[in-house]
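**Student:** File entry-v9.pdb follows (PDB, C-alpha atoms and all ligand atoms):
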```pdb
MODEL        1
ATOM      1  CA  MET C   1      97.667 201.834  14.910
ATOM      2  CA  VAL C   2      97.117 201.681  11.161
ATOM      3  CA  GLN C   3      98.473 198.135  11.387
ATOM      4  CA  ASP C   4      95.890 197.390  14.099
ATOM      5  CA  ILE C   5      93.069 198.507  11.862
ATOM      6  CA  ALA C   6      94.287 196.461   8.917
ATOM      7  CA  ARG C   7      94.694 193.452  11.201
ATOM      8  CA  ALA C   8      91.213 193.921  12.665
ATOM      9  CA  SER C   9      89.786 194.064   9.195
ATOM     10  CA  SER C  10      91.405 190.875   8.009
ATOM     11  CA  LEU C  11      90.544 189.030  11.255
ATOM     12  CA  ALA C  12      86.894 189.997  11.108
ATOM     13  CA  SER C  13      86.245 189.551   7.437
ATOM     14  CA  GLY C  14      89.244 187.988   5.754
ATOM     15  CA  ARG C  15      89.661 191.082   3.580
ATOM     16  CA  GLY C  16      92.928 193.008   3.358
ATOM     17  CA  GLN C  17      91.488 196.499   2.768
ATOM     18  CA  THR C  18      89.455 198.732   5.057
ATOM     19  CA  SER C  19      87.961 202.204   4.954
ATOM     20  CA  THR C  20      87.684 202.365   8.777
ATOM     21  CA  THR C  21      89.350 205.406  10.310
ATOM     22  CA  MET C  22      90.885 205.771  13.752
ATOM     23  CA  ALA C  23      88.128 208.253  14.554
ATOM     24  CA  ASN C  24      85.599 205.482  14.077
ATOM     25  CA  LEU C  25      87.500 203.077  16.308
ATOM     26  CA  LYS C  26      88.125 205.613  19.054
ATOM     27  CA  ARG C  27      84.840 207.258  19.933
ATOM     28  CA  SER C  28      84.447 208.709  23.373
ATOM     29  CA  PHE C  29      82.025 207.054  25.803
ATOM     30  CA  ASN C  30      79.561 209.956  25.877
ATOM     31  CA  ASN C  31      79.722 210.506  22.194
ATOM     32  CA  ARG C  32      79.010 207.054  20.856
ATOM     33  CA  THR C  33      75.944 206.048  18.941
ATOM     34  CA  CYS C  34      75.718 202.301  18.910
ATOM     35  CA  GLU C  35      72.041 201.824  17.892
ATOM     36  CA  ALA C  36      71.642 199.149  20.579
ATOM     37  CA  PRO C  37      73.627 198.225  23.695
ATOM     38  CA  TYR C  38      76.692 196.112  22.980
ATOM     39  CA  LEU C  39      78.242 195.370  26.362
ATOM     40  CA  ILE C  40      81.439 193.465  27.077
ATOM     41  CA  PHE C  41      81.799 191.579  30.368
ATOM     42  CA  LEU C  42      85.479 191.428  31.214
ATOM     43  CA  GLY C  43      86.727 189.604  34.290
ATOM     44  CA  PRO C  44      88.512 186.549  35.643
ATOM     45  CA  PRO C  45      86.930 183.100  35.731
ATOM     46  CA  GLY C  46      84.276 182.881  38.420
ATOM     47  CA  SER C  47      83.783 186.642  38.727
ATOM     48  CA  GLY C  48      80.076 186.260  37.907
ATOM     49  CA  LYS C  49      80.001 187.291  34.238
ATOM     50  CA  GLY C  50      77.753 184.405  33.165
ATOM     51  CA  THR C  51      75.370 184.846  36.107
ATOM     52  CA  GLN C  52      74.847 188.542  35.331
ATOM     53  CA  ALA C  53      74.769 188.094  31.541
ATOM     54  CA  GLU C  54      71.899 185.654  32.008
ATOM     55  CA  LYS C  55      70.038 188.300  34.056
ATOM     56  CA  LEU C  56      70.553 190.991  31.391
ATOM     57  CA  HIS C  57      69.151 188.528  28.874
ATOM     58  CA  GLN C  58      66.076 187.888  31.047
ATOM     59  CA  ASN C  59      65.512 191.514  32.095
ATOM     60  CA  PHE C  60      66.500 193.444  28.951
ATOM     61  CA  ARG C  61      66.315 190.835  26.158
ATOM     62  CA  LEU C  62      69.980 191.272  25.249
ATOM     63  CA  VAL C  63      71.477 188.253  23.498
ATOM     64  CA  GLN C  64      73.925 186.514  25.856
ATOM     65  CA  LEU C  65      76.852 185.689  23.615
ATOM     66  CA  SER C  66      78.932 183.394  25.834
ATOM     67  CA  THR C  67      81.894 181.916  23.996
ATOM     68  CA  GLY C  68      82.374 179.374  26.814
ATOM     69  CA  ASN C  69      78.757 178.151  26.428
ATOM     70  CA  LEU C  70      79.070 178.042  22.634
ATOM     71  CA  PHE C  71      82.248 175.931  22.858
ATOM     72  CA  ARG C  72      80.645 173.602  25.428
ATOM     73  CA  GLU C  73      77.603 173.160  23.143
ATOM     74  CA  HIS C  74      79.916 172.197  20.252
ATOM     75  CA  ILE C  75      81.697 169.729  22.538
ATOM     76  CA  SER C  76      78.483 168.085  23.734
ATOM     77  CA  LYS C  77      77.188 167.794  20.146
ATOM     78  CA  GLY C  78      80.530 166.346  18.990
ATOM     79  CA  THR C  79      80.910 168.827  16.110
ATOM     80  CA  GLU C  80      84.222 169.271  14.266
ATOM     81  CA  LEU C  81      84.850 172.466  16.276
ATOM     82  CA  GLY C  82      83.898 170.670  19.490
ATOM     83  CA  LEU C  83      86.450 167.920  18.842
ATOM     84  CA  LYS C  84      89.139 170.532  18.142
ATOM     85  CA  VAL C  85      88.541 172.514  21.343
ATOM     86  CA  LYS C  86      87.626 169.811  23.905
ATOM     87  CA  ASN C  87      91.130 169.333  25.310
ATOM     88  CA  ILE C  88      91.891 173.052  25.165
ATOM     89  CA  LEU C  89      88.933 173.832  27.460
ATOM     90  CA  ALA C  90      89.736 170.925  29.798
ATOM     91  CA  LYS C  91      93.276 172.305  30.258
ATOM     92  CA  GLY C  92      92.071 175.882  30.766
ATOM     93  CA  GLU C  93      93.950 177.252  27.728
ATOM     94  CA  LEU C  94      92.465 179.772  25.314
ATOM     95  CA  VAL C  95      91.038 178.489  22.032
ATOM     96  CA  PRO C  96      93.018 179.946  19.077
ATOM     97  CA  ASP C  97      91.795 183.354  17.910
ATOM     98  CA  ASP C  98      90.859 182.271  14.379
ATOM     99  CA  LEU C  99      88.428 179.593  15.633
ATOM    100  CA  THR C 100      86.973 181.841  18.341
ATOM    101  CA  ILE C 101      86.514 184.878  16.101
ATOM    102  CA  ALA C 102      84.889 182.811  13.321
ATOM    103  CA  MET C 103      82.392 181.333  15.822
ATOM    104  CA  VAL C 104      81.523 184.757  17.263
ATOM    105  CA  MET C 105      81.129 186.376  13.824
ATOM    106  CA  GLU C 106      78.758 183.590  12.801
ATOM    107  CA  ARG C 107      76.636 184.143  15.926
ATOM    108  CA  LEU C 108      76.702 187.935  15.441
ATOM    109  CA  ALA C 109      75.346 187.535  11.918
ATOM    110  CA  ARG C 110      72.013 186.227  13.279
ATOM    111  CA  PRO C 111      69.178 188.801  13.296
ATOM    112  CA  ASP C 112      68.404 188.563  17.037
ATOM    113  CA  THR C 113      71.682 190.398  17.814
ATOM    114  CA  ILE C 114      70.347 193.632  16.304
ATOM    115  CA  MET C 115      68.647 194.645  19.574
ATOM    116  CA  GLY C 116      71.844 194.332  21.625
ATOM    117  CA  VAL C 117      74.322 191.810  22.941
ATOM    118  CA  VAL C 118      76.153 191.101  26.145
ATOM    119  CA  PHE C 119      79.511 189.544  25.288
ATOM    120  CA  ASP C 120      80.252 187.101  28.106
ATOM    121  CA  GLY C 121      83.892 185.950  27.957
ATOM    122  CA  PHE C 122      84.724 187.601  24.632
ATOM    123  CA  PRO C 123      87.047 189.234  23.682
ATOM    124  CA  ARG C 124      89.962 187.699  25.597
ATOM    125  CA  THR C 125      92.869 188.808  23.429
ATOM    126  CA  ARG C 126      93.798 192.004  21.625
ATOM    127  CA  ASP C 127      93.155 190.398  18.233
ATOM    128  CA  GLN C 128      89.682 189.326  19.336
ATOM    129  CA  ALA C 129      89.003 192.865  20.597
ATOM    130  CA  LEU C 130      90.124 194.401  17.305
ATOM    131  CA  ALA C 131      88.068 191.948  15.257
ATOM    132  CA  LEU C 132      84.942 192.705  17.289
ATOM    133  CA  GLN C 133      85.432 196.449  17.074
ATOM    134  CA  TYR C 134      85.950 196.269  13.341
ATOM    135  CA  ARG C 135      82.892 194.094  12.723
ATOM    136  CA  LEU C 136      80.588 196.307  14.796
ATOM    137  CA  ASP C 137      81.967 199.403  13.137
ATOM    138  CA  GLU C 138      81.351 197.883   9.721
ATOM    139  CA  LYS C 139      77.684 197.383  10.689
ATOM    140  CA  GLY C 140      77.357 200.971  12.003
ATOM    141  CA  LYS C 141      77.347 199.755  15.607
ATOM    142  CA  CYS C 142      79.827 200.029  18.442
ATOM    143  CA  ILE C 143      80.700 198.863  21.917
ATOM    144  CA  THR C 144      78.661 200.756  24.490
ATOM    145  CA  ALA C 145      80.844 199.805  27.463
ATOM    146  CA  ALA C 146      83.312 197.198  28.698
ATOM    147  CA  ILE C 147      82.352 196.270  32.250
ATOM    148  CA  GLN C 148      85.234 195.022  34.371
ATOM    149  CA  PHE C 149      84.220 192.539  37.104
ATOM    150  CA  LYS C 150      86.660 193.151  39.990
ATOM    151  CA  ILE C 151      87.098 190.390  42.567
ATOM    152  CA  ASP C 152      89.768 188.769  44.807
ATOM    153  CA  ASP C 153      91.355 185.447  43.822
ATOM    154  CA  ASP C 154      90.239 183.795  47.107
ATOM    155  CA  ASP C 155      86.587 184.494  46.286
ATOM    156  CA  ILE C 156      87.087 183.038  42.804
ATOM    157  CA  ILE C 157      88.423 179.702  44.070
ATOM    158  CA  GLU C 158      85.610 179.511  46.636
ATOM    159  CA  ARG C 159      82.903 180.263  44.040
ATOM    160  CA  LEU C 160      84.203 177.936  41.338
ATOM    161  CA  SER C 161      84.695 174.948  43.604
ATOM    162  CA  SER C 162      80.982 175.057  44.494
ATOM    163  CA  ARG C 163      79.646 176.014  41.035
ATOM    164  CA  ARG C 164      77.224 173.666  39.295
ATOM    165  CA  MET C 165      75.595 174.180  35.896
ATOM    166  CA  CYS C 166      72.733 172.751  33.893
ATOM    167  CA  PRO C 167      74.157 170.993  30.809
ATOM    168  CA  LYS C 168      70.841 171.530  28.984
ATOM    169  CA  ASP C 169      70.076 175.253  29.356
ATOM    170  CA  ASN C 170      73.412 176.508  30.846
ATOM    171  CA  THR C 171      71.765 177.923  33.988
ATOM    172  CA  ILE C 172      74.441 178.579  36.613
ATOM    173  CA  TYR C 173      74.093 177.604  40.291
ATOM    174  CA  ASN C 174      76.259 177.627  43.361
ATOM    175  CA  LEU C 175      75.846 175.139  46.186
ATOM    176  CA  LYS C 176      76.650 177.901  48.709
ATOM    177  CA  SER C 177      75.419 181.223  47.303
ATOM    178  CA  ASN C 178      72.846 180.293  44.665
ATOM    179  CA  ALA C 179      71.625 176.765  45.337
ATOM    180  CA  PRO C 180      68.997 174.978  43.232
ATOM    181  CA  LYS C 181      65.631 174.384  44.937
ATOM    182  CA  GLU C 182      65.894 170.620  44.585
ATOM    183  CA  ASP C 183      69.112 168.752  45.319
ATOM    184  CA  GLU C 184      71.531 169.340  42.381
ATOM    185  CA  LYS C 185      68.732 169.593  39.759
ATOM    186  CA  CYS C 186      68.024 172.530  37.430
ATOM    187  CA  ASP C 187      65.118 174.671  38.695
ATOM    188  CA  LEU C 188      64.007 175.323  35.113
ATOM    189  CA  CYS C 189      64.156 171.882  33.478
ATOM    190  CA  GLY C 190      64.933 169.343  36.223
ATOM    191  CA  THR C 191      68.126 168.109  34.511
ATOM    192  CA  ALA C 192      70.854 166.818  36.867
ATOM    193  CA  LEU C 193      73.453 169.559  37.384
ATOM    194  CA  ILE C 194      77.115 168.978  36.533
ATOM    195  CA  MET C 195      80.461 170.318  37.710
ATOM    196  CA  ARG C 196      82.523 171.725  34.827
ATOM    197  CA  ASP C 197      85.695 169.794  33.879
ATOM    198  CA  ASP C 198      87.716 173.002  34.172
ATOM    199  CA  ASP C 199      86.525 173.759  37.722
ATOM    200  CA  LYS C 200      89.199 171.509  39.273
ATOM    201  CA  PRO C 201      91.591 173.493  41.534
ATOM    202  CA  ASP C 202      94.725 173.070  39.350
ATOM    203  CA  VAL C 203      92.820 174.046  36.175
ATOM    204  CA  ILE C 204      91.249 177.042  37.966
ATOM    205  CA  ARG C 205      94.742 178.236  38.915
ATOM    206  CA  HIS C 206      95.908 177.864  35.315
ATOM    207  CA  ARG C 207      92.828 179.709  33.956
ATOM    208  CA  LEU C 208      93.630 182.578  36.329
ATOM    209  CA  GLN C 209      97.212 182.731  34.991
ATOM    210  CA  VAL C 210      95.943 182.722  31.409
ATOM    211  CA  TYR C 211      93.525 185.524  32.308
ATOM    212  CA  ARG C 212      96.290 187.659  33.828
ATOM    213  CA  GLN C 213      98.626 187.170  30.858
ATOM    214  CA  GLN C 214      96.280 187.329  27.884
ATOM    215  CA  THR C 215      93.029 189.022  28.881
ATOM    216  CA  GLU C 216      93.853 191.502  31.645
ATOM    217  CA  PRO C 217      95.714 193.831  29.200
ATOM    218  CA  LEU C 218      92.323 194.485  27.580
ATOM    219  CA  ILE C 219      91.354 196.509  30.656
ATOM    220  CA  GLU C 220      93.844 199.205  29.563
ATOM    221  CA  PHE C 221      92.793 198.763  25.920
ATOM    222  CA  TYR C 222      89.208 199.733  26.812
ATOM    223  CA  ARG C 223      90.207 202.311  29.436
ATOM    224  CA  GLU C 224      92.257 204.166  26.807
ATOM    225  CA  GLN C 225      89.158 204.331  24.618
ATOM    226  CA  ASP C 226      87.021 205.617  27.494
ATOM    227  CA  MET C 227      84.838 202.537  27.403
ATOM    228  CA  LEU C 228      85.737 200.946  30.749
ATOM    229  CA  VAL C 229      83.266 200.765  33.634
ATOM    230  CA  GLU C 230      84.269 198.952  36.838
ATOM    231  CA  ILE C 231      81.951 196.926  39.030
ATOM    232  CA  ASP C 232      82.694 195.491  42.473
ATOM    233  CA  ALA C 233      81.988 191.811  41.750
ATOM    234  CA  GLY C 234      82.703 190.711  45.331
ATOM    235  CA  ARG C 235      79.186 191.725  46.400
ATOM    236  CA  SER C 236      76.042 189.562  46.372
ATOM    237  CA  ILE C 237      74.433 188.491  43.090
ATOM    238  CA  GLU C 238      71.396 190.678  43.880
ATOM    239  CA  ASP C 239      73.511 193.795  44.571
ATOM    240  CA  ILE C 240      75.400 193.446  41.295
ATOM    241  CA  THR C 241      72.187 192.850  39.337
ATOM    242  CA  ALA C 242      70.681 195.971  40.951
ATOM    243  CA  GLN C 243      73.753 198.006  39.962
ATOM    244  CA  LEU C 244      73.581 196.806  36.355
ATOM    245  CA  ASP C 245      69.819 197.452  36.224
ATOM    246  CA  GLU C 246      70.521 201.002  37.393
ATOM    247  CA  TRP C 247      73.129 201.495  34.648
ATOM    248  CA  MET C 248      71.109 199.944  31.836
ATOM    249  CA  PRO C 249      69.011 203.036  30.981
ATOM    250  CA  MET C 250      72.284 204.963  30.544
ATOM    251  CA  PHE C 251      73.665 202.230  28.263
ATOM    252  CA  ILE C 252      70.429 202.114  26.254
ATOM    253  CA  TYR C 253      70.301 205.912  26.092
ATOM    254  CA  ASN C 254      73.947 206.096  25.015
ATOM    255  CA  ALA C 255      73.326 203.485  22.374
ATOM    256  CA  ASN C 256      70.626 205.508  20.658
TER
HETATM  257  P1  LIG M 301      84.035 180.518  30.092
HETATM  258  O1  LIG M 301      82.920 179.583  30.216
HETATM  259  O2  LIG M 301      83.817 181.851  29.504
HETATM  260  O3  LIG M 301      84.751 180.611  31.498
HETATM  261  P2  LIG M 301      85.358 181.884  32.280
HETATM  262  O4  LIG M 301      85.512 183.156  31.572
HETATM  263  O5  LIG M 301      86.611 181.318  32.836
HETATM  264  O6  LIG M 301      84.295 182.268  33.273
HETATM  265  P3  LIG M 301      83.456 181.335  34.117
HETATM  266  O7  LIG M 301      82.320 180.795  33.304
HETATM  267  O8  LIG M 301      84.315 180.314  34.807
HETATM  268  O9  LIG M 301      82.961 182.324  35.274
HETATM  269  P4  LIG M 301      81.922 183.521  35.256
HETATM  270  O10 LIG M 301      82.654 184.796  35.399
HETATM  271  O11 LIG M 301      80.961 183.393  34.117
HETATM  272  O12 LIG M 301      81.215 183.229  36.645
HETATM  273  P5  LIG M 301      79.794 182.578  36.942
HETATM  274  O13 LIG M 301      78.712 183.548  36.657
HETATM  275  O14 LIG M 301      79.693 181.208  36.342
HETATM  276  O15 LIG M 301      85.221 179.853  29.227
HETATM  277  C1  LIG M 301      85.587 178.496  29.401
HETATM  278  C2  LIG M 301      86.730 178.160  28.459
HETATM  279  O16 LIG M 301      86.322 178.335  27.088
HETATM  280  C3  LIG M 301      87.991 179.024  28.589
HETATM  281  O17 LIG M 301      88.832 178.567  29.638
HETATM  282  C4  LIG M 301      88.623 178.830  27.200
HETATM  283  O18 LIG M 301      89.218 177.566  27.086
HETATM  284  C5  LIG M 301      87.388 178.849  26.286
HETATM  285  N1  LIG M 301      87.050 180.209  25.855
HETATM  286  C6  LIG M 301      85.922 180.898  26.189
HETATM  287  N2  LIG M 301      85.934 182.097  25.620
HETATM  288  C7  LIG M 301      87.075 182.191  24.912
HETATM  289  C8  LIG M 301      87.665 183.222  24.127
HETATM  290  N3  LIG M 301      87.045 184.403  23.960
HETATM  291  N4  LIG M 301      88.851 182.968  23.533
HETATM  292  C9  LIG M 301      89.476 181.782  23.673
HETATM  293  N5  LIG M 301      88.983 180.775  24.432
HETATM  294  C10 LIG M 301      87.799 180.984  25.048
HETATM  295  O19 LIG M 301      79.897 182.442  38.546
HETATM  296  C11 LIG M 301      80.780 181.517  39.125
HETATM  297  C12 LIG M 301      80.101 180.884  40.364
HETATM  298  O20 LIG M 301      79.908 181.881  41.356
HETATM  299  C13 LIG M 301      78.715 180.304  40.101
HETATM  300  O21 LIG M 301      78.535 179.171  40.900
HETATM  301  C14 LIG M 301      77.737 181.418  40.543
HETATM  302  O22 LIG M 301      76.494 180.908  40.989
HETATM  303  C15 LIG M 301      78.526 182.065  41.660
HETATM  304  N6  LIG M 301      78.342 183.503  41.741
HETATM  305  C16 LIG M 301      78.224 184.385  40.709
HETATM  306  N7  LIG M 301      78.115 185.640  41.180
HETATM  307  C17 LIG M 301      78.196 185.556  42.544
HETATM  308  C18 LIG M 301      78.143 186.524  43.577
HETATM  309  N8  LIG M 301      78.010 187.834  43.321
HETATM  310  N9  LIG M 301      78.258 186.088  44.866
HETATM  311  C19 LIG M 301      78.391 184.766  45.147
HETATM  312  N10 LIG M 301      78.417 183.795  44.197
HETATM  313  C20 LIG M 301      78.333 184.189  42.903
ENDMDL
END
```
Starting from the file, lay out its structure as structure tokens.
**Tutor:**
Amino acid sequence: MVQDIARASSLASGRGQTSTTMANLKRSFNNRTCEAPYLIFLGPPGSGKGTQAEKLHQNFRLVQLSTGNLFREHISKGTELGLKVKNILAKGELVPDDLTIAMVMERLARPDTIMGVVFDGFPRTRDQALALQYRLDEKGKCITAAIQFKIDDDDIIERLSSRRMCPKDNTIYNLKSNAPKEDEKCDLCGTALIMRDDDKPDVIRHRLQVYRQQTEPLIEFYREQDMLVEIDAGRSIEDITAQLDEWMPMFIYNAN
């Protein structure tokens, strides 16, 4: 575990030394003081993480830190990072940890994250989880809870094959369960909706495999630290939002 802490330190900050103790990394759920809610949404592709993260942003002003959206923005702007990751996203592979962690740390350094963040699609590997924990700890903050979105594979395929998104403001729609008011146009800005490149059936299957191999082990990682909360993500969007709204006062209370 000492090795984990040293690794987390160097991943998050590039430094080799750390004064973090195991006690800091392993605080019990009821005993944590995080200053603001820092929630992790953990779940397979299509489980509804982005949809609910957007709602927490609207309803509770948490910053929605979606690594998928950040990568897609880099790709559409043609940045150096965007060029590096374009094919990785199209194939449904994970972007290497060093690039992902650097992008997240840069976003976390902005002042708006002080009031709380919902991490949508991050962390996805143990090294990402350690880097995040170390960085928050360094700032006197911590993860309030890791919320596991539980859903069957059949529902995932069904949801992703009818997902559409706005390329301008990232609003998520579904032609069956959450359709836009006007035919395939964003309700908020009128932009024509798109289907994501990685929502093709063979790429969806591969993304699910990658999730099982590389991200699912994080469920135990957070359970062991008493941070895991499960949510039945097979229910309607409204039911899940209502459940999260009910939990939020507890998360805010626990954070302070
Ligand atoms: P990312 O964009 O994060 O994709 P993902 O995690 O695979 O998740 P999705 O966005 O596909 O699904 P979601 O759970 O957000 O579901 P949504 O709310 O949209 O990542 C894309 C890629 O970027 C990765 O493959 C990887 O290459 C790279 N990447 C990202 N993060 C990385 C990291 N940390 N490390 C390395 N690489 C990384 O909902 C899906 C659909 O269902 C929508 O149409 C929605 O309207 C509908 N829906 C939602 N909830 C419900 C409901 N309750 N009932 C019915 N329909 C619903």
**Student:** So the first atom is atom C12 of ligand LIG 301 (chain M) and the second is atom CA of Ala53 of chain C; what is the distance between them in Å, to one decimal place?
**Tutor:**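 Those two atoms sit 12.6 Å apart.
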**Student:** Separation of atom C20 of ligand LIG 301 (chain M) and atom CA of Asp154 of chain C, in Å?
**Tutor:**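 Between atom C20 of ligand LIG 301 (chain M) and atom CA of Asp154 of chain C the gap works out to 12.6 Å.
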**Student:** Could you please extract the residues within 7 Å of ligand LIG 301 (chain M), counting only C-alpha atoms and all ligand atoms, and hand them back as a PyMOL selection string?
**Tutor:** chain C and resi 43-52+66-69+71+88-89+92-97+100+120-124+159-160+162-164+172-174+177-178+207+233-237+240
**Student:** Which one is closest to Leu175 of chain C: C:Val63, C:Val210, C:Val203, C:Met195? Count all atoms listed in the file.
**Tutor:** C:Met195
**Student:** List as a list in words the protein and nucleic acid residues near Arg61 of chain C, meaning an atom at most 10 Å away when all atoms listed in the file are counted, but skip any in the same chain fewer than 2 places from it.
**Tutor:** Glu54, Lys55, Leu56, His57, Gln58, Asn59, Val63, Gln64, Asp112, Thr113, Met115, Gly116, Val117 and Val118 of chain C
**Student:** Using the chain letters and numbers from this file, what does the PyMOL selection byres (((chain C and resi 36) around 8) and not hetatm) select? Give the answer as a PyMOL selection string.
**Tutor:** chain C and resi 34-35+37-38+114-116+141+252+255-256
**Student:** Please provide the set of residues having any atom within 6 Å of Thr215 of chain C, restricted to all atoms listed in the file, with same-chain residues fewer than 3 positions apart removed, written as a list in words.
**Tutor:**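 Near neighbours after the sequence-gap exclusion: Arg124, Thr125, Tyr211 and Leu218 of chain C.
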**Student:** Just the number, please: distance in Å from atom CA of Phe41 of chain C to atom CA of Gln225 of chain C, one decimal.
**Tutor:**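 For atom CA of Phe41 of chain C relative to atom CA of Gln225 of chain C, the distance reads 15.8 Å.
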**Student:** So which residues fall inside 12 Å of (78.2, 191.9, 9.1) if we count all atoms listed in the file? Mind giving them as a list in words?
**Tutor:**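 Residues with an atom close enough to that point: Ser9, Ala12, Ser13, Val104, Met105, Glu106, Arg107, Leu108, Ala109, Arg110, Pro111, Thr113, Ile114, Ala131, Leu132, Gln133, Tyr134, Arg135, Leu136, Asp137, Glu138, Lys139, Gly140 and Lys141 of chain C.
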**Student:** For this file, the PyMOL selection byres (((chain C and resi 202) around 12) and not hetatm) selects which residues, as a list in words?
**Tutor:**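 After applying the PyMOL selection byres (((chain C and resi 202) around 12) and not hetatm), what remains is Ala90, Lys91, Gly92, Ile157, Leu160, Ser161, Asp197, Asp198, Asp199, Lys200, Pro201, Val203, Ile204, Arg205, His206, Arg207, Leu208 and Gln209 of chain C.
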**Student:** Nearest to Met248 of chain C among C:Cys186, C:Ala145, C:Leu42, C:Leu81, with distances taken over only C-alpha atoms: which residue is it?
**Tutor:**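 Once distances to Met248 of chain C are computed over only C-alpha atoms, the minimum belongs to C:Ala145.
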**Student:** Can you give me, as JSON, numbers by chain, the residues this file yields under the PyMOL selection byres (((chain C and resi 219) around 10) and not hetatm)?
**Tutor:** {"C": [42, 43, 146, 147, 148, 215, 216, 217, 218, 220, 221, 222, 223, 224, 227, 228, 229, 230]}
**Student:** Any chance you could export the current selection's C-alpha atoms as a tab-separated table (two decimals), in the frame of the given file?
**Tutor:**
```tsv
chain	number	residue	atom	x	y	z
C	42	LEU	CA	85.48	191.43	31.21
C	43	GLY	CA	86.73	189.60	34.29
C	146	ALA	CA	83.31	197.20	28.70
C	147	ILE	CA	82.35	196.27	32.25
C	148	GLN	CA	85.23	195.02	34.37
C	215	THR	CA	93.03	189.02	28.88
C	216	GLU	CA	93.85	191.50	31.64
C	217	PRO	CA	95.71	193.83	29.20
C	218	LEU	CA	92.32	194.48	27.58
C	220	GLU	CA	93.84	199.20	29.56
C	221	PHE	CA	92.79	198.76	25.92
C	222	TYR	CA	89.21	199.73	26.81
C	223	ARG	CA	90.21	202.31	29.44
C	224	GLU	CA	92.26	204.17	26.81
C	227	MET	CA	84.84	202.54	27.40
C	228	LEU	CA	85.74	200.95	30.75
C	229	VAL	CA	83.27	200.76	33.63
C	230	GLU	CA	84.27	198.95	36.84
```
**Student:** Tell me, as a count of residues only, which residues lie within 10 Å of Ile75 of chain C, counting all atoms listed in the file; anything in the same chain fewer than 5 positions away does not count.
**Tutor:** 11
**Student:** Between C:Asp98, C:Gln128, C:Arg72, C:Arg212, which one has atoms that come closest to Cys166 of chain C, using only C-alpha atoms?
**Tutor:** C:Arg72
**Student:** Residues within 12 Å of (66.7, 168.8, 34.9), file coordinates, counting all atoms listed in the file: what are they? Give the list as a PDB file with C-alpha atoms, in the coordinates of the input.
**Tutor:**
```
ATOM      1  CA  MET C 165      75.595 174.180  35.896  1.00  0.00           C
ATOM      2  CA  CYS C 166      72.733 172.751  33.893  1.00  0.00           C
ATOM      3  CA  PRO C 167      74.157 170.993  30.809  1.00  0.00           C
ATOM      4  CA  LYS C 168      70.841 171.530  28.984  1.00  0.00           C
ATOM      5  CA  ASP C 169      70.076 175.253  29.356  1.00  0.00           C
ATOM      6  CA  ASN C 170      73.412 176.508  30.846  1.00  0.00           C
ATOM      7  CA  THR C 171      71.765 177.923  33.988  1.00  0.00           C
ATOM      8  CA  PRO C 180      68.997 174.978  43.232  1.00  0.00           C
ATOM      9  CA  LYS C 181      65.631 174.384  44.937  1.00  0.00           C
ATOM     10  CA  GLU C 182      65.894 170.620  44.585  1.00  0.00           C
ATOM     11  CA  ASP C 183      69.112 168.752  45.319  1.00  0.00           C
ATOM     12  CA  GLU C 184      71.531 169.340  42.381  1.00  0.00           C
ATOM     13  CA  LYS C 185      68.732 169.593  39.759  1.00  0.00           C
ATOM     14  CA  CYS C 186      68.024 172.530  37.430  1.00  0.00           C
ATOM     15  CA  ASP C 187      65.118 174.671  38.695  1.00  0.00           C
ATOM     16  CA  LEU C 188      64.007 175.323  35.113  1.00  0.00           C
ATOM     17  CA  CYS C 189      64.156 171.882  33.478  1.00  0.00           C
ATOM     18  CA  GLY C 190      64.933 169.343  36.223  1.00  0.00           C
ATOM     19  CA  THR C 191      68.126 168.109  34.511  1.00  0.00           C
ATOM     20  CA  ALA C 192      70.854 166.818  36.867  1.00  0.00           C
ATOM     21  CA  LEU C 193      73.453 169.559  37.384  1.00  0.00           C
ATOM     22  CA  ILE C 194      77.115 168.978  36.533  1.00  0.00           C
TER      23      ILE C 194
END
```
